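Q: Let me give you the structure first, and then I'll get to my questions.
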Amino acid sequence: MSRFLFVVPPLTGHVNPTVGVAAELVRRGHQVAWAGLPEVVGPLVGGGATVFRCSSPDLADPALLRPPSLRGPAALKFLWERFLGPLAEHMAPGVRAAVGEFLPDVLVADQQAVAGGLVAEQMGLVWATSATTTAGFTSLSGLPKVDSWIAGLIRELRQRIGDPWSTVDPRLSDRLVLAFSTEALAGPLPSAGEQVRFVGPSLAARPTADDFPWHRLDPRTPTVLITLGTANAEAAPRFLTACAEAVRGRPDRAQAVVVDPTGTVPEFADRVLVRPRVPQLALLERCDAVVCHGGHNTVCEALWYGLPLIVAPIRDDQPAVAAQVTDAGAGVRVRFNRATAEVLDAALDTVLREPDCREAAGRVRASFRAAGGATAAAVHLEALAARAK
């Protein structure tokens, strides 16, 4: 029996992949705990889980909201300067306390919870990376100034909360990186390192409310899920409204479920269902295509079901993930700021009517199913723990 401590940021898409891995580790006789913000992490990992408290910047602070117009290098700089850097310093004391109480054999740190890697190196712990997006291996390759700036910020963090003499990137363990994708989507990543293991998506049942109106979906009609994830509400209304109008005007009587936390998108009773949140995995089983922002989790969950995508990246890793989708042939890309109902209607024609996208999505689906998911990730973590003892 080994002990595994998952260090996660207060971000839904970064917690969800760990849930299935942790469940598989527990099934295999190991002990698991999390270090993070309990108010966010607790509902995602389940009521019986152990979550050690780590503090966080105030998630409701308006200063953390990036203006919708902020893109590219400026958006990445904002993210690290305002959130990820401060988050590391907020989390570090809680991670140390969790290590002291739980005594893990292996610490598993999310890419964006760099306090995990920094504290692990300082305390001499074996640690692995949970890579919730493979774009993290490549998205800065064309932005050397931004890459250098982030590296400088991490060096400063290391002086305060890590081992000042270490040279390991706390975003990528030199022992094991669990990449929740496959090369069928991500492509070959020669610079990623031999420690990277492609395990495919890690999906697990999620607690959901029972109020979704399934009766409003016609099972004989093509269904499209339209979502911009959990962190893009301020940029959503115009794009989501254009998507709703595109679906409403289609002669094939397509129907859509639009995820709109802002409550500003119009609902068309017979064609477009608008909800603030949805049971995404259950809904994807009934869908024919997905329109999204190119968030890694949403893309991989759609492709797990072999669904072709329309991707409209906004910022961060999303352009890189969108490029993975189009390079794999599994979808089409539209420009987020310029996507009209007419543009989106043409893209819907491609993903709903042309077989090439669906066949490519099916190939990625097959690679995901073969990669092993949570079971494969657990096996790699077990092996790392065995080597550490």
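We label chains A, B, ... in the order they appear in the structure tokens, count residues from 1 in each chain, and number ligands from 1 in the order shown.
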List as a PyMOL selection string the protein and nucleic acid residues near range 323-331 of chain A, meaning an atom at most 10 Å away when only C-alpha atoms are counted, but skip any in the same chain fewer than 3 places from it.
A: chain A and resi 134-135+183-187+289-291+294+299-300+303+306-311+313+318-320+347-348+350-351+356-364
Q: With only C-alpha atoms as the counted atoms, please give the residues lying no more than 7 Å from Ala98 in chain A, apart from itself and same-chain residues fewer than 4 positions off, as a list in words.
A: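 Near Ala98 in chain A, the qualifying residues are Ala35, Phe52, Gly94 and Phe102 of chain A.
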Q: Would you mind exporting the chosen residues as a PDB file, in the first residue's frame, restricted to N, CA, C and O atoms?
A:
ATOM      1  N   ALA A  35      -4.678  18.058  -1.788  1.00  0.00           N
ATOM      2  CA  ALA A  35      -4.338  19.340  -1.182  1.00  0.00           C
ATOM      3  C   ALA A  35      -4.843  20.417  -2.123  1.00  0.00           C
ATOM      4  O   ALA A  35      -4.448  20.461  -3.296  1.00  0.00           O
ATOM      5  N   PHE A  52      -6.919  18.327   2.215  1.00  0.00           N
ATOM      6  CA  PHE A  52      -6.176  19.217   3.099  1.00  0.00           C
ATOM      7  C   PHE A  52      -6.270  20.641   2.566  1.00  0.00           C
ATOM      8  O   PHE A  52      -6.066  20.881   1.379  1.00  0.00           O
ATOM      9  N   GLY A  94       0.024  25.144   2.973  1.00  0.00           N
ATOM     10  CA  GLY A  94      -0.936  24.051   3.094  1.00  0.00           C
ATOM     11  C   GLY A  94      -0.394  22.752   2.532  1.00  0.00           C
ATOM     12  O   GLY A  94      -0.669  21.672   3.070  1.00  0.00           O
ATOM     13  N   PHE A 102      -0.052  13.687   6.096  1.00  0.00           N
ATOM     14  CA  PHE A 102      -0.437  12.521   5.306  1.00  0.00           C
ATOM     15  C   PHE A 102       0.741  11.604   5.001  1.00  0.00           C
ATOM     16  O   PHE A 102       0.567  10.403   4.778  1.00  0.00           O
TER      17      PHE A 102
END
Q: So which residues touch Ser166 in chain A within 9 Å, counting only C-alpha atoms, skipping near sequence neighbours fewer than 3 positions away, as an NGL selection string?
A: :A and (121-122 or 158 or 162-163 or 169)
Q: Export, as a PDB file, in the first residue's frame, the selected residues with N, CA and C atoms.
A:
ATOM      1  N   GLU A 121      10.231  19.169  -4.079  1.00  0.00           N
ATOM      2  CA  GLU A 121      11.687  19.192  -4.212  1.00  0.00           C
ATOM      3  C   GLU A 121      12.333  19.703  -2.930  1.00  0.00           C
ATOM      4  N   GLN A 122      11.699  20.664  -2.272  1.00  0.00           N
ATOM      5  CA  GLN A 122      12.255  21.197  -1.029  1.00  0.00           C
ATOM      6  C   GLN A 122      12.264  20.145   0.078  1.00  0.00           C
ATOM      7  N   ARG A 158      10.833  29.697  -6.599  1.00  0.00           N
ATOM      8  CA  ARG A 158      11.692  28.638  -6.068  1.00  0.00           C
ATOM      9  C   ARG A 158      12.564  29.155  -4.922  1.00  0.00           C
ATOM     10  N   GLY A 162      10.758  26.758  -2.690  1.00  0.00           N
ATOM     11  CA  GLY A 162      11.285  25.504  -3.213  1.00  0.00           C
ATOM     12  C   GLY A 162      12.732  25.293  -2.814  1.00  0.00           C
ATOM     13  N   ASP A 163      13.426  24.457  -3.569  1.00  0.00           N
ATOM     14  CA  ASP A 163      14.855  24.205  -3.383  1.00  0.00           C
ATOM     15  C   ASP A 163      15.620  25.139  -4.315  1.00  0.00           C
ATOM     16  N   ASP A 169      11.810  21.928 -13.870  1.00  0.00           N
ATOM     17  CA  ASP A 169      10.630  22.757 -14.077  1.00  0.00           C
ATOM     18  C   ASP A 169       9.485  22.209 -13.222  1.00  0.00           C
TER      19      ASP A 169
END
Q: Contacts of Ala341 in chain A at 8 Å or less, counting only C-alpha atoms, minus same-chain residues fewer than 4 places along, as a ChimeraX atom specification?
A: /A:242-246,345
Q: Would you mind writing down, as a ChimeraX atom specification, each residue of range 85-258 of chain A that DSSP on the backbone assigns to helix (DSSP H, G or I)?
A: /A:85-102,114-123,134-137,144-161,183-186,214-216,233-235,237-248
Q: What is the distance between CA of Leu118 in chain A and CA of Ala23 in chain A, in Å to one decimal?
A: 25.6 Å
Q: DSSP says strand (DSSP E) for which residues of range 69-141 of chain A? Put them as a compact mmCIF listing (two decimals) with all heavy atoms, in the first residue's frame?
A:
# COMPACT_ATOMS: atom_id res chain seq x y z
N VAL A 106 4.22 9.44 -2.84
CA VAL A 106 4.31 10.18 -4.09
C VAL A 106 3.37 11.37 -4.03
O VAL A 106 2.21 11.24 -3.61
CB VAL A 106 3.95 9.30 -5.31
CG1 VAL A 106 3.91 10.13 -6.59
CG2 VAL A 106 4.95 8.16 -5.46
N LEU A 107 3.87 12.52 -4.44
CA LEU A 107 3.04 13.71 -4.58
C LEU A 107 2.75 13.90 -6.06
O LEU A 107 3.67 13.82 -6.89
CB LEU A 107 3.75 14.92 -3.99
CG LEU A 107 3.02 16.26 -3.95
CD1 LEU A 107 3.48 17.09 -2.74
CD2 LEU A 107 3.25 17.06 -5.23
N VAL A 108 1.49 14.12 -6.42
CA VAL A 108 1.08 14.32 -7.81
C VAL A 108 0.61 15.76 -7.95
O VAL A 108 -0.42 16.14 -7.38
CB VAL A 108 -0.03 13.34 -8.22
CG1 VAL A 108 -0.33 13.49 -9.72
CG2 VAL A 108 0.34 11.91 -7.88
N ALA A 109 1.38 16.58 -8.67
CA ALA A 109 1.10 18.01 -8.77
C ALA A 109 0.55 18.35 -10.13
O ALA A 109 1.13 17.99 -11.16
CB ALA A 109 2.37 18.82 -8.50
N ASP A 110 -0.56 19.08 -10.15
CA ASP A 110 -1.09 19.59 -11.41
C ASP A 110 -0.10 20.58 -12.01
O ASP A 110 0.64 21.27 -11.30
CB ASP A 110 -2.43 20.29 -11.16
CG ASP A 110 -3.05 20.84 -12.42
OD1 ASP A 110 -3.75 20.10 -13.10
OD2 ASP A 110 -2.80 22.02 -12.74
N VAL A 126 9.36 12.28 -3.82
CA VAL A 126 9.16 11.85 -5.21
C VAL A 126 7.84 12.47 -5.69
O VAL A 126 6.83 12.43 -4.98
CB VAL A 126 9.10 10.32 -5.30
CG1 VAL A 126 8.68 9.87 -6.69
CG2 VAL A 126 10.45 9.72 -4.91
N TRP A 127 7.85 13.04 -6.89
CA TRP A 127 6.62 13.67 -7.37
C TRP A 127 6.44 13.46 -8.86
O TRP A 127 7.39 13.24 -9.60
CB TRP A 127 6.60 15.16 -7.02
CG TRP A 127 7.64 16.01 -7.71
CD1 TRP A 127 8.97 16.08 -7.42
CD2 TRP A 127 7.40 16.92 -8.78
NE1 TRP A 127 9.59 16.97 -8.26
CE2 TRP A 127 8.66 17.51 -9.11
CE3 TRP A 127 6.28 17.31 -9.50
CZ2 TRP A 127 8.80 18.46 -10.12
CZ3 TRP A 127 6.42 18.25 -10.50
CH2 TRP A 127 7.67 18.81 -10.80
N ALA A 128 5.18 13.51 -9.25
CA ALA A 128 4.79 13.36 -10.65
C ALA A 128 3.93 14.55 -11.04
O ALA A 128 3.43 15.29 -10.20
CB ALA A 128 4.00 12.06 -10.84
N THR A 129 3.77 14.74 -12.35
CA THR A 129 2.94 15.82 -12.87
C THR A 129 1.65 15.27 -13.44
O THR A 129 1.66 14.27 -14.18
CB THR A 129 3.68 16.60 -13.98
OG1 THR A 129 4.81 17.26 -13.42
CG2 THR A 129 2.77 17.65 -14.61
N SER A 130 0.54 15.92 -13.11
CA SER A 130 -0.74 15.68 -13.76
C SER A 130 -0.90 16.74 -14.85
O SER A 130 -1.13 17.91 -14.55
CB SER A 130 -1.88 15.78 -12.74
OG SER A 130 -3.13 15.75 -13.38
N ALA A 131 -0.72 16.34 -16.10
CA ALA A 131 -0.74 17.28 -17.23
C ALA A 131 -2.13 17.28 -17.85
O ALA A 131 -2.45 16.46 -18.71
CB ALA A 131 0.32 16.91 -18.26
Q: Pick from A:Leu176, A:Pro38, A:Pro17, A:Val119: nearest to Arg160 in chain A, with only C-alpha atoms counted?
A: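 Under the stated criterion, the closest residue is A:Val119.
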Q: Which residues are near Val26 in chain A? Cut-off 10 Å, only C-alpha atoms, ignore same chain within fewer than 5 positions. Put them as number ranges by chain.
A: A: 1-4, 20-21, 31-32, 378
Q: May I have the residues within 8 Å of Arg71 in chain A as a PyMOL selection string, using only C-alpha atoms and disregarding those fewer than 2 positions away in the same chain?
A: chain A and resi 68-69+73-76+314-316
Q: Using only C-alpha atoms, find the one residue out of A:Leu352, A:Val259, A:Ala322, A:Leu25 that sits nearest to Arg275 in chain A.
A: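 Distance minimum relative to Arg275 in chain A lands on A:Val259.
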Q: Go through A:Ala376, A:Ser56, A:Arg216, A:Val224 one by one, measure the shortest atom-to-atom distance of each to Ala269 in chain A using only C-alpha atoms, and give the residue with the smallest value.
A: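 Among A:Ala376, A:Ser56, A:Arg216, A:Val224, it is A:Arg216 that comes nearest to Ala269 in chain A.
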Q: What does the distance between CA of Trp80 in chain A and CA of His296 in chain A come to in Å, to one decimal place?
A: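 Taking CA of Trp80 in chain A and CA of His296 in chain A, their separation equals 18.8 Å.
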Q: Which residues are close to range 11-15 of chain A, i.e. within 12 Å by only C-alpha atoms, leaving aside same-chain residues fewer than 2 positions away? Reply as a PDB file with C-alpha atoms, in the first residue's frame.
A:
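Once everything was written out, this is selection22.pdb:
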ATOM      1  CA  PHE A   6      -2.807  15.120  -5.347  1.00  0.00           C
ATOM      2  CA  VAL A   7      -2.028  18.856  -5.321  1.00  0.00           C
ATOM      3  CA  VAL A   8      -4.586  20.707  -7.431  1.00  0.00           C
ATOM      4  CA  PRO A   9      -5.548  24.319  -8.182  1.00  0.00           C
ATOM      5  CA  PRO A  17      -8.942  14.125 -14.305  1.00  0.00           C
ATOM      6  CA  THR A  18      -7.531  13.245 -10.875  1.00  0.00           C
ATOM      7  CA  VAL A  19     -10.843  11.852  -9.625  1.00  0.00           C
ATOM      8  CA  GLY A  20     -10.795   8.724 -11.782  1.00  0.00           C
ATOM      9  CA  VAL A  21      -7.087   8.132 -11.124  1.00  0.00           C
ATOM     10  CA  ALA A  22      -7.620   8.418  -7.376  1.00  0.00           C
ATOM     11  CA  TRP A  34      -5.906  16.006  -2.046  1.00  0.00           C
ATOM     12  CA  ALA A  35      -4.338  19.340  -1.182  1.00  0.00           C
ATOM     13  CA  GLY A  36      -6.317  22.312  -2.464  1.00  0.00           C
ATOM     14  CA  LEU A  37      -9.186  24.656  -1.746  1.00  0.00           C
ATOM     15  CA  PRO A  38     -11.856  22.427  -0.109  1.00  0.00           C
ATOM     16  CA  GLU A  39     -14.770  24.594  -1.238  1.00  0.00           C
ATOM     17  CA  VAL A  40     -13.854  23.866  -4.869  1.00  0.00           C
ATOM     18  CA  VAL A  41     -12.135  20.494  -4.620  1.00  0.00           C
ATOM     19  CA  GLY A  42     -14.481  18.807  -2.129  1.00  0.00           C
ATOM     20  CA  PRO A  43     -17.655  18.742  -4.266  1.00  0.00           C
ATOM     21  CA  LEU A  44     -15.666  17.421  -7.233  1.00  0.00           C
ATOM     22  CA  VAL A  45     -13.859  14.576  -5.460  1.00  0.00           C
ATOM     23  CA  GLY A  46     -16.773  13.423  -3.277  1.00  0.00           C
ATOM     24  CA  VAL A  51      -8.912  17.310   1.280  1.00  0.00           C
ATOM     25  CA  SER A  56      -5.955  30.608  -2.622  1.00  0.00           C
ATOM     26  CA  LEU A  59     -11.558  33.761  -6.608  1.00  0.00           C
ATOM     27  CA  PHE A  83      -3.168  34.179 -10.387  1.00  0.00           C
ATOM     28  CA  LEU A  84      -0.772  31.257 -10.868  1.00  0.00           C
ATOM     29  CA  LEU A  87      -1.576  30.805  -6.046  1.00  0.00           C
ATOM     30  CA  VAL A 108       1.084  14.319  -7.807  1.00  0.00           C
ATOM     31  CA  ALA A 109       1.103  18.008  -8.765  1.00  0.00           C
ATOM     32  CA  ASP A 110      -1.090  19.593 -11.409  1.00  0.00           C
ATOM     33  CA  GLN A 111       0.767  21.607 -14.061  1.00  0.00           C
ATOM     34  CA  GLN A 112      -0.692  24.849 -12.731  1.00  0.00           C
ATOM     35  CA  ALA A 113      -0.294  24.036  -9.042  1.00  0.00           C
ATOM     36  CA  THR A 129       2.941  15.823 -12.868  1.00  0.00           C
ATOM     37  CA  SER A 130      -0.738  15.679 -13.758  1.00  0.00           C
ATOM     38  CA  ALA A 131      -0.738  17.284 -17.228  1.00  0.00           C
ATOM     39  CA  THR A 132      -4.324  18.265 -17.884  1.00  0.00           C
ATOM     40  CA  THR A 133      -3.354  19.813 -21.227  1.00  0.00           C
ATOM     41  CA  PHE A 180      -4.319  12.873 -20.371  1.00  0.00           C
ATOM     42  CA  PRO A 201      -8.639  10.945 -20.749  1.00  0.00           C
ATOM     43  CA  SER A 202      -9.378  10.025 -17.151  1.00  0.00           C
ATOM     44  CA  LEU A 203     -13.152  10.114 -16.827  1.00  0.00           C
ATOM     45  CA  ALA A 204     -15.155   9.312 -13.731  1.00  0.00           C
ATOM     46  CA  ARG A 206     -19.466  13.173 -11.370  1.00  0.00           C
ATOM     47  CA  GLY A 229     -16.201  25.893 -20.211  1.00  0.00           C
ATOM     48  CA  THR A 230     -16.174  27.215 -16.658  1.00  0.00           C
ATOM     49  CA  ALA A 231     -13.763  30.153 -16.921  1.00  0.00           C
ATOM     50  CA  GLY A 295     -10.480  23.721 -23.580  1.00  0.00           C
ATOM     51  CA  HIS A 296      -8.516  20.493 -23.272  1.00  0.00           C
ATOM     52  CA  ASN A 297     -10.993  18.689 -21.028  1.00  0.00           C
ATOM     53  CA  THR A 298     -14.025  19.534 -23.157  1.00  0.00           C
ATOM     54  CA  VAL A 299     -12.187  18.550 -26.344  1.00  0.00           C
ATOM     55  CA  CYS A 300     -11.035  15.228 -24.915  1.00  0.00           C
ATOM     56  CA  GLU A 301     -14.436  14.428 -23.428  1.00  0.00           C
TER      57      GLU A 301
END
Q: Between A:Leu240, A:Ile226, A:Leu344, A:Leu103, which one has atoms that come closest to Gln255 in chain A, using only C-alpha atoms?
A: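 Under the stated criterion, the closest residue is A:Ile226.
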Q: Separation of CA of Gly373 in chain A and CA of His30 in chain A, in Å?
A: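 Separation between CA of Gly373 in chain A and CA of His30 in chain A: 17.8 Å.
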